[in-house]
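Report on one structure; see the data block that follows.
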Amino acid sequence: MSFPLDGKVALVAGATRGAGRGIAVELGAAGATVYVTGRTTRDHRSEYDRPETIEDTADLVTAAGGHGIAVPTDHLDPARVRALVERIAHEQGRLDVLVNDIWGGEHLFGWDTPLWEHDLDNGLRLLRLAVDTHAITSHHALPLLLRRPGGLVVEMTDGTAEYNRDTYRNSFFYDLAKASVLRMAFSLGHELGPRGATALALTPGWLRSEMMLEHFGVREDNWRDALDKVPHFAISETPRYVGRAVAALAADPEVSRFNGQSLSSGGLAQEYGFTDLDGSRPDAWRYLVEVQDAGKPADTTGYR
């Protein structure tokens with residue numbers, strides 16, 4: 001087996017479930033030591049009140065071939081984040097990959113609810129969870145990442161810069177949060193590039209996360225049953241797909257060519273040749289523009 005990330009150390013901030021879990025597992029499958037963080041542990045649940053835990057993610061990383069280490073962390077608490085980075089520095093002496101996947105806002109925004117009607121406390125909490133957490137984590141982690149040349153920072157968001165520029169994303173607060181993360185990657189690219197590191201933004205497509213599957217009343221093994229009600233869900237992808245995108249980026253010695261850019265799992269699948277777990281290569285953002293948003297019937301021919 002090939003382990004291109006053997007000896008590398010990654011921090012996936014926000015790895016309890018969804019894309020974060022998929023990324024952590026695929027980094028582990030490539031041989032990395034992966035610190036996985038979040039607020040839900042086997043002893044304590046966050047306000048999400050869901051069963052997925054960071055310990056479960058760490059176990060999956062180890063089972064995949066890496067070394068998973070779960071560290072409970074509230075990324076809004078600078079002291080906790082500083083302690084996390086100090087632990088990584090003490091135990092590993094290096095940090096090669098930082099993935100900022102902290103989110104936590106699914107229950108905090110109202111779909112198509114204008115700013116003046118939106119719950120203000122929920123909207124401001126969403127921005128803190130989606131923006132402040134990333135800034136706090138990068139502030140404390142980047143000095144360690146910069147100790148060695150070639151470090152990679154991946155800012156996880158929803159939507160490419162091109163798509164979000166022209167498309168209203170659900171609500172004022174959601175739209176602002178996702179656009180802010182895209183800009184973070186652009187700004188970090190300017191700051192890290194001259195110092196030998198790379199920052200970029202990455203979006204999955206329509207993600208078959210634990211919460212999305214539950215919302216549609218299906219499981220991963222029968223997800224296509226949801227297509228009767230939501231035909232365009234046919235373009236969806238597993239969290240492991242975007243995980244393979246991050247693993248490919250982390251193993252690429254020429255990754256700096258993407259510095260400051262906005263990328264997608266589907267676009268990177270074409271670049272690197274990886275597939276989703278079913279062997280397909282869904283290109284959700286091209287599909288959304290050319291099929292779903294164009295009002296055409298669901299048909300993934302040529303898109304996966």
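The chains in the structure tokens are called A, B, ... from first to last as shown; in each chain the residues are counted from 1, and the ligands are counted from 1 in the order shown.
Residues in contact with region 191-193 of chain A at up to 9 Å, not including ones fewer than 4 positions away on its chain and judged by only C-alpha atoms, are A:Leu142, A:Leu146, A:Gly151, A:Ser187, A:Ala197, A:Thr198, A:Ala199, A:Ser256, A:Asn259, A:Gly260.
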Could you find all residues in region 88-211 of chain A that DSSP calls strand (DSSP E) from the backbone, and write them as a PyMOL selection string?
chain A and resi 97-100+152-156+198-203
Keeping only N, CA, C and O atoms, write those residues as a CSV table (one decimal), in the first residue's frame.
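The resulting file, result.csv, is shown below:
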```csv
chain,number,residue,atom,x,y,z
A,97,VAL,N,-0.3,20.0,7.9
A,97,VAL,CA,-1.6,20.3,7.3
A,97,VAL,C,-2.6,20.8,8.3
A,97,VAL,O,-2.7,20.2,9.4
A,98,LEU,N,-3.2,22.0,8.1
A,98,LEU,CA,-4.2,22.5,8.9
A,98,LEU,C,-5.5,22.6,8.1
A,98,LEU,O,-5.5,23.2,7.0
A,99,VAL,N,-6.5,21.9,8.5
A,99,VAL,CA,-7.8,21.9,7.8
A,99,VAL,C,-8.8,22.6,8.8
A,99,VAL,O,-9.2,22.1,9.8
A,100,ASN,N,-9.3,23.8,8.4
A,100,ASN,CA,-10.3,24.6,9.1
A,100,ASN,C,-11.6,24.2,8.6
A,100,ASN,O,-12.1,24.8,7.6
A,152,LEU,N,0.4,23.3,4.4
A,152,LEU,CA,-0.8,23.5,3.7
A,152,LEU,C,-1.9,23.8,4.6
A,152,LEU,O,-2.2,23.1,5.7
A,153,VAL,N,-2.7,24.9,4.3
A,153,VAL,CA,-3.9,25.3,5.0
A,153,VAL,C,-5.1,25.1,4.1
A,153,VAL,O,-5.1,25.7,3.0
A,154,VAL,N,-6.1,24.4,4.5
A,154,VAL,CA,-7.3,24.2,3.7
A,154,VAL,C,-8.5,24.8,4.5
A,154,VAL,O,-8.8,24.4,5.6
A,155,GLU,N,-9.1,25.9,3.9
A,155,GLU,CA,-10.2,26.5,4.5
A,155,GLU,C,-11.5,25.9,3.8
A,155,GLU,O,-11.7,26.1,2.6
A,156,MET,N,-12.3,25.2,4.6
A,156,MET,CA,-13.4,24.5,4.1
A,156,MET,C,-14.6,25.4,4.1
A,156,MET,O,-14.9,26.1,5.1
A,198,THR,N,1.1,27.1,1.7
A,198,THR,CA,0.0,27.3,0.8
A,198,THR,C,-1.3,27.3,1.5
A,198,THR,O,-1.5,26.5,2.4
A,199,ALA,N,-2.1,28.3,1.2
A,199,ALA,CA,-3.5,28.3,1.7
A,199,ALA,C,-4.5,28.3,0.5
A,199,ALA,O,-4.2,28.9,-0.5
A,200,LEU,N,-5.6,27.6,0.7
A,200,LEU,CA,-6.6,27.5,-0.4
A,200,LEU,C,-8.0,27.3,0.3
A,200,LEU,O,-8.0,26.8,1.4
A,201,ALA,N,-9.0,27.5,-0.5
A,201,ALA,CA,-10.4,27.2,-0.1
A,201,ALA,C,-10.8,26.0,-0.8
A,201,ALA,O,-10.5,25.8,-2.0
A,202,LEU,N,-11.6,25.2,-0.2
A,202,LEU,CA,-12.1,23.9,-0.8
A,202,LEU,C,-13.6,23.7,-0.4
A,202,LEU,O,-13.9,23.9,0.8
A,203,THR,N,-14.4,23.3,-1.4
A,203,THR,CA,-15.8,23.0,-1.1
A,203,THR,C,-16.1,21.6,-1.6
A,203,THR,O,-15.6,21.2,-2.7
```
From region 65-280 of chain A, collect each residue whose DSSP state is alpha helix (DSSP H) and return the set as a count of residues only.
90
Residue nearest Gly196 (chain A) - candidates A:Gly38, A:Gly150, A:Gly105, A:Gly217, atoms counted: only C-alpha atoms:
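Ranking A:Gly38, A:Gly150, A:Gly105, A:Gly217 by distance to Gly196 (chain A), first place goes to A:Gly150.
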If you count only C-alpha atoms, which residues fall within 10 Å of Ala135 (chain A), apart from same-chain ones fewer than 3 positions away, as a list of chain:residue names?
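Using only C-alpha atoms, the neighbours found are A:His75, A:Leu76, A:Pro78, A:Asn100, A:Arg128, A:Ala130, A:Val131, A:Asp132, A:Ser138, A:His139, A:His140, A:Ala141, A:Val181, A:Met184.
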Counting only C-alpha atoms, which residues in region 10-37 of chain A sit no more than 6 Å from region 44-67 of chain A? For each one, give the nearest pair of atoms and the distance in Å, sorted by chain then residue number, as CSV.
```
residue,atom,partner,partner_atom,distance
A:Thr16,CA,A:Ile54,CA,4.7
A:Arg21,CA,A:Thr57,CA,6.0
A:Val25,CA,A:Val61,CA,4.5
A:Gly28,CA,A:Gly66,CA,3.9
A:Ala29,CA,A:Ala64,CA,4.7
A:Gly31,CA,A:Gly66,CA,4.5
A:Ala32,CA,A:Gly66,CA,5.2
A:Thr33,CA,A:His67,CA,4.5
```
Mind dumping the selected residues with C-alpha atoms as an mmCIF file, in the first residue's frame?
```cif
data_model
loop_
_atom_site.group_PDB
_atom_site.id
_atom_site.type_symbol
_atom_site.label_atom_id
_atom_site.label_comp_id
_atom_site.auth_asym_id
_atom_site.auth_seq_id
_atom_site.Cartn_x
_atom_site.Cartn_y
_atom_site.Cartn_z
ATOM 1 C CA THR A 16 -16.705 15.172 14.429
ATOM 2 C CA ARG A 21 -14.575 13.261 9.336
ATOM 3 C CA VAL A 25 -10.079 9.446 7.495
ATOM 4 C CA GLY A 28 -5.150 8.712 7.791
ATOM 5 C CA ALA A 29 -5.501 6.365 4.815
ATOM 6 C CA GLY A 31 -0.494 7.525 6.420
ATOM 7 C CA ALA A 32 -0.757 10.799 8.334
ATOM 8 C CA THR A 33 -0.999 11.365 12.060
#
```
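Nearest residue to Pro149 (chain A) among A:Gly295, A:Pro4, A:Gly205, A:Pro194 is A:Pro194, counting only C-alpha atoms.
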Just the residues within 6 Å of Arg39 (chain A), please, counting only C-alpha atoms, with nothing from its chain fewer than 6 positions along; format it as a compact mmCIF listing (two decimals) with N, CA, C and O atoms, in the first residue's frame.
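selection15.txt was written with the following content:
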```
# COMPACT_ATOMS: atom_id res chain seq x y z
N SER A 46 -22.35 18.36 22.11
CA SER A 46 -22.58 19.78 21.90
C SER A 46 -24.06 20.03 21.74
O SER A 46 -24.89 19.10 21.83
N PRO A 72 -10.70 17.07 22.51
CA PRO A 72 -11.88 17.93 22.64
C PRO A 72 -11.46 19.41 22.64
O PRO A 72 -10.60 19.81 23.42
N THR A 73 -12.06 20.19 21.75
CA THR A 73 -11.66 21.59 21.63
C THR A 73 -12.84 22.45 21.20
O THR A 73 -13.50 22.15 20.21
N ASP A 74 -13.07 23.53 21.94
CA ASP A 74 -13.99 24.57 21.50
C ASP A 74 -13.14 25.63 20.82
O ASP A 74 -12.36 26.32 21.47
```
When you look at Trp285 (chain A) with a cut-off of 9 Å (counting only C-alpha atoms), what residues show up, excluding the ones that are within fewer than 2 positions of it in the same chain? I need them as a ChimeraX atom specification.
/A:159-160,163,204-206,264,266-267,283,287-290
Got time to write the residues from that selection, C-alpha atoms, as a CSV table (one decimal), in the first residue's frame?
```
chain,number,residue,atom,x,y,z
A,159,GLY,CA,-19.5,26.9,-2.8
A,160,THR,CA,-16.7,28.1,-5.1
A,163,TYR,CA,-20.6,30.3,-7.8
A,204,PRO,CA,-17.4,19.6,-1.4
A,205,GLY,CA,-20.4,19.2,-3.6
A,206,TRP,CA,-23.8,18.1,-2.4
A,264,SER,CA,-13.9,21.9,-5.4
A,266,GLY,CA,-15.2,17.6,-8.3
A,267,GLY,CA,-12.6,19.8,-10.0
A,283,ASP,CA,-18.8,17.4,-10.4
A,287,TYR,CA,-23.9,20.4,-12.5
A,288,LEU,CA,-25.7,22.9,-10.3
A,289,VAL,CA,-25.0,25.7,-12.8
A,290,GLU,CA,-25.7,23.8,-16.0
```
